[in-house]
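Working notes for the structure below.
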Amino acid sequence: MRRVELLKYHDYISFIIDKLLERLWGLHRKAEDELTRKAIKHVIHILEEEKRNIWFSTVCKKVFNGCKVGITDLDKVVVVNGELKALIEYKFRREDFNRCVMMNAFQYITLRELSYKSGIPLYYIFEIGEYGDKWFRVVNPFTKYKIRKLGNGDSRDSYAVINLNDSILMDELEFKSWLRDILGD
């Protein structure tokens with residue numbers, strides 16, 4: 001379901017999140033070891049943050065009623081030795097791309113602009129599940145792209161489409177080496 005669709009059902013989604021939180025707090029109270037309690041509390045914090053994110057987006061849509069409002073997030077801001085090194089959008093895909101790489105157009109264009117204006121490099125990193133081990137496809141976000149309306153049902157949206165040749169597929173060892181290279185001094 002697209003995020004904008006979620007906002008239409010803010011109250012119901014908040015209700016479901018609250019029910020999940022009740023169950024998790026119950027498991028937290030019954031947990032017999034500290035590591036389990038910490039893990040459950042971490043998941044609780046993630047759900048609470050998502051509830052706040054949905055609330056914030058809903059409020060922004062109401063406050064700017066009549067305006068086209070877009071809200072996106074950024075997954076990672078990497079700082080090494082006090083220096084901003086990279087903006088990273090980290091995604092997971094069950095399957096690797098066949099001929100092209102597709103990214104949500106609004107988020108892609110917004111993050112490119114943020115990177116350009118701030119001077120901080122942007123990287124789109126896709127963890128690919130189909131190969132079993134950790135494999136990553138890293139996209140050059142400043143390459144030529146086309147906007148296409150793609151998908152069906154809830155996944156129907158505008159996507160920035162990039163040629164597969166403008167990305168690199170790496171195993172975990174290659175990815176770690178690449179990451180060290182781009183984040184190094």
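To be explicit about the labels: the chains of the structure tokens are called A, B, and onward in the order shown, and within each one the residues are counted from 1, while ligands get numbers from 1 in the order they are shown.
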For the interface of region 73-118 of chain A with region 127-132 of chain A (cut-off 12 Å, counting only C-alpha atoms), please tabulate each contacting residue of region 73-118 of chain A alongside its nearest pair of atoms and their separation in Å to one decimal, rows sorted by chain and increasing number, as JSON lines.
{"residue": "A:Glu89", "atom": "CA", "partner": "A:Glu127", "partner_atom": "CA", "distance": 10.9}
{"residue": "A:Tyr90", "atom": "CA", "partner": "A:Glu127", "partner_atom": "CA", "distance": 7.6}
{"residue": "A:Lys91", "atom": "CA", "partner": "A:Glu127", "partner_atom": "CA", "distance": 6.1}
{"residue": "A:Phe92", "atom": "CA", "partner": "A:Glu127", "partner_atom": "CA", "distance": 4.7}
{"residue": "A:Arg93", "atom": "CA", "partner": "A:Ile128", "partner_atom": "CA", "distance": 5.1}
{"residue": "A:Arg94", "atom": "CA", "partner": "A:Gly129", "partner_atom": "CA", "distance": 4.5}
{"residue": "A:Glu95", "atom": "CA", "partner": "A:Glu130", "partner_atom": "CA", "distance": 5.1}
{"residue": "A:Asp96", "atom": "CA", "partner": "A:Ile128", "partner_atom": "CA", "distance": 5.8}
{"residue": "A:Phe97", "atom": "CA", "partner": "A:Ile128", "partner_atom": "CA", "distance": 9.1}
Counting only C-alpha atoms, the residue of A:Ser14, A:Asn140, A:Asn81, A:Gln107 that sits nearest Glu50 (chain A): A:Ser14
Lys144 (chain A) environment, 12 Å, only C-alpha atoms, sequence neighbours closer than 6 positions dropped, as a list in words: Cys100, Val101, Ile109, Ala160, Val161, Ile162, Asn163, Leu164, Asn165, Asp166 and Ser167 of chain A
Selection to disk with N, CA, C and O atoms, as an mmCIF file, in the first residue's frame:
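Okay, this is what ended up in out20.cif:
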data_model
loop_
_atom_site.group_PDB
_atom_site.id
_atom_site.type_symbol
_atom_site.label_atom_id
_atom_site.label_comp_id
_atom_site.auth_asym_id
_atom_site.auth_seq_id
_atom_site.Cartn_x
_atom_site.Cartn_y
_atom_site.Cartn_z
ATOM 1 N N CYS A 100 16.196 -2.826 -15.646
ATOM 2 C CA CYS A 100 16.290 -1.452 -15.164
ATOM 3 C C CYS A 100 16.133 -1.439 -13.651
ATOM 4 O O CYS A 100 15.800 -2.441 -13.054
ATOM 5 N N VAL A 101 16.397 -0.289 -13.073
ATOM 6 C CA VAL A 101 16.214 -0.082 -11.634
ATOM 7 C C VAL A 101 15.098 0.936 -11.479
ATOM 8 O O VAL A 101 15.119 1.985 -12.110
ATOM 9 N N ILE A 109 13.739 12.073 -6.771
ATOM 10 C CA ILE A 109 13.996 13.447 -7.206
ATOM 11 C C ILE A 109 14.265 14.351 -6.004
ATOM 12 O O ILE A 109 15.175 15.187 -6.026
ATOM 13 N N ALA A 160 11.107 6.549 -10.970
ATOM 14 C CA ALA A 160 12.297 6.953 -11.706
ATOM 15 C C ALA A 160 12.937 5.655 -12.171
ATOM 16 O O ALA A 160 13.212 4.757 -11.369
ATOM 17 N N VAL A 161 13.160 5.539 -13.477
ATOM 18 C CA VAL A 161 13.687 4.317 -14.057
ATOM 19 C C VAL A 161 15.080 4.597 -14.605
ATOM 20 O O VAL A 161 15.274 5.524 -15.384
ATOM 21 N N ILE A 162 16.035 3.782 -14.157
ATOM 22 C CA ILE A 162 17.442 3.940 -14.532
ATOM 23 C C ILE A 162 17.911 2.665 -15.223
ATOM 24 O O ILE A 162 17.539 1.564 -14.827
ATOM 25 N N ASN A 163 18.765 2.818 -16.202
ATOM 26 C CA ASN A 163 19.355 1.681 -16.893
ATOM 27 C C ASN A 163 20.139 0.825 -15.903
ATOM 28 O O ASN A 163 20.870 1.353 -15.064
ATOM 29 N N LEU A 164 20.006 -0.486 -16.025
ATOM 30 C CA LEU A 164 20.705 -1.412 -15.132
ATOM 31 C C LEU A 164 22.224 -1.224 -15.187
ATOM 32 O O LEU A 164 22.915 -1.434 -14.188
ATOM 33 N N ASN A 165 22.744 -0.778 -16.324
ATOM 34 C CA ASN A 165 24.189 -0.555 -16.459
ATOM 35 C C ASN A 165 24.688 0.594 -15.593
ATOM 36 O O ASN A 165 25.898 0.742 -15.408
ATOM 37 N N ASP A 166 23.775 1.411 -15.063
ATOM 38 C CA ASP A 166 24.155 2.506 -14.174
ATOM 39 C C ASP A 166 24.063 2.094 -12.710
ATOM 40 O O ASP A 166 23.822 2.913 -11.820
ATOM 41 N N SER A 167 24.245 0.804 -12.476
ATOM 42 C CA SER A 167 24.285 0.269 -11.121
ATOM 43 C C SER A 167 25.366 -0.801 -11.064
ATOM 44 O O SER A 167 25.836 -1.273 -12.098
#
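The environment of Lys61 (chain A) within 9 Å, counting only C-alpha atoms and disregarding residues fewer than 6 places along the same chain, consists of Leu7, Cys67, Lys68, Val69 and Gly70 of chain A.
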Include N, CA, C and O atoms and write out the residues we just selected as a compact mmCIF listing (two decimals), in the first residue's frame.
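Result written to part_23.txt:
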# COMPACT_ATOMS: atom_id res chain seq x y z
N LEU A 7 -2.44 7.16 4.88
CA LEU A 7 -2.89 8.36 5.58
C LEU A 7 -4.41 8.46 5.60
O LEU A 7 -4.98 9.03 6.53
N CYS A 67 -2.87 22.23 -0.92
CA CYS A 67 -1.56 22.27 -1.54
C CYS A 67 -1.10 20.83 -1.81
O CYS A 67 -1.50 19.91 -1.12
N LYS A 68 -0.26 20.69 -2.79
CA LYS A 68 0.34 19.38 -3.05
C LYS A 68 1.51 19.21 -2.08
O LYS A 68 2.51 19.91 -2.20
N VAL A 69 1.34 18.33 -1.10
CA VAL A 69 2.35 18.13 -0.06
C VAL A 69 2.98 16.76 -0.25
O VAL A 69 2.28 15.76 -0.36
N GLY A 70 4.28 16.73 -0.31
CA GLY A 70 5.02 15.48 -0.38
C GLY A 70 5.94 15.37 0.82
O GLY A 70 6.56 16.36 1.24
Polymer residues at most 12 Å from Glu49 (chain A), only C-alpha atoms, same-chain spacing of 6 or more positions, as a ChimeraX atom specification: /A:14,17-18,21,42-43,55-56
Any chance you could export the current selection's N, CA, C and O atoms as a PDB file, in the first residue's frame?
ATOM      1  N   SER A  14      -3.485   3.426  13.392  1.00  0.00           N
ATOM      2  CA  SER A  14      -3.051   3.725  14.759  1.00  0.00           C
ATOM      3  C   SER A  14      -3.663   2.737  15.747  1.00  0.00           C
ATOM      4  O   SER A  14      -2.997   2.277  16.680  1.00  0.00           O
ATOM      5  N   ILE A  17      -1.753  -0.529  15.366  1.00  0.00           N
ATOM      6  CA  ILE A  17      -0.433  -0.396  15.988  1.00  0.00           C
ATOM      7  C   ILE A  17      -0.561  -0.449  17.503  1.00  0.00           C
ATOM      8  O   ILE A  17       0.232  -1.120  18.186  1.00  0.00           O
ATOM      9  N   ASP A  18      -1.559   0.226  18.071  1.00  0.00           N
ATOM     10  CA  ASP A  18      -1.765   0.184  19.526  1.00  0.00           C
ATOM     11  C   ASP A  18      -2.020  -1.238  20.019  1.00  0.00           C
ATOM     12  O   ASP A  18      -1.520  -1.641  21.065  1.00  0.00           O
ATOM     13  N   LEU A  21       1.215  -3.033  19.974  1.00  0.00           N
ATOM     14  CA  LEU A  21       2.043  -2.557  21.087  1.00  0.00           C
ATOM     15  C   LEU A  21       1.612  -3.184  22.405  1.00  0.00           C
ATOM     16  O   LEU A  21       2.461  -3.568  23.224  1.00  0.00           O
ATOM     17  N   HIS A  42      13.041  -2.750  21.370  1.00  0.00           N
ATOM     18  CA  HIS A  42      13.488  -2.150  20.110  1.00  0.00           C
ATOM     19  C   HIS A  42      12.352  -2.166  19.077  1.00  0.00           C
ATOM     20  O   HIS A  42      12.092  -1.169  18.408  1.00  0.00           O
ATOM     21  N   VAL A  43      11.670  -3.288  18.950  1.00  0.00           N
ATOM     22  CA  VAL A  43      10.546  -3.403  18.013  1.00  0.00           C
ATOM     23  C   VAL A  43       9.417  -2.459  18.428  1.00  0.00           C
ATOM     24  O   VAL A  43       8.779  -1.825  17.578  1.00  0.00           O
ATOM     25  N   TRP A  55       1.170   9.987  11.907  1.00  0.00           N
ATOM     26  CA  TRP A  55       0.475  11.135  12.478  1.00  0.00           C
ATOM     27  C   TRP A  55       1.025  12.430  11.888  1.00  0.00           C
ATOM     28  O   TRP A  55       0.269  13.308  11.474  1.00  0.00           O
ATOM     29  N   PHE A  56       2.363  12.561  11.847  1.00  0.00           N
ATOM     30  CA  PHE A  56       2.991  13.781  11.332  1.00  0.00           C
ATOM     31  C   PHE A  56       2.596  14.034   9.876  1.00  0.00           C
ATOM     32  O   PHE A  56       2.248  15.152   9.498  1.00  0.00           O
TER      33      PHE A  56
END
Sel. of strand (DSSP E or B) residues, region 5-159 of chain A, as a PyMOL selection string: chain A and resi 76-80+83-93+100-104+122-128+135-139+146-150+157-159
Among the residues A:Val138, A:Ile13, A:Thr110, A:Asp181, the one that comes closest to Asp73 (chain A) [using only C-alpha atoms]: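 Once distances to Asp73 (chain A) are computed over only C-alpha atoms, the minimum belongs to A:Thr110.
Coordinates place CA of Ile44 (chain A) at a distance of 18.1 Å from CA of Tyr12 (chain A).
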Non-local contacts of Leu84 (chain A) (10 Å; only C-alpha atoms; under 2 positions in same chain excluded) as a list in words: Val77, Val78, Val79, Val80, Asn81, Gly82, Ala86, Leu87, Gly119, Ile120, Pro121 and Leu183 of chain A
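CA of Asn104 (chain A) lies 4.6 Å from CA of Tyr159 (chain A).
In this model, the gap between CA of Ile168 (chain A) and CA of Phe136 (chain A) comes to 8.0 Å.
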Of the listed residues A:Leu179, A:Leu24, A:Met170, A:Ile54, that which approaches Lys41 (chain A) most closely, counting only C-alpha atoms: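 Nearest candidate to Lys41 (chain A) out of A:Leu179, A:Leu24, A:Met170, A:Ile54: A:Leu24.
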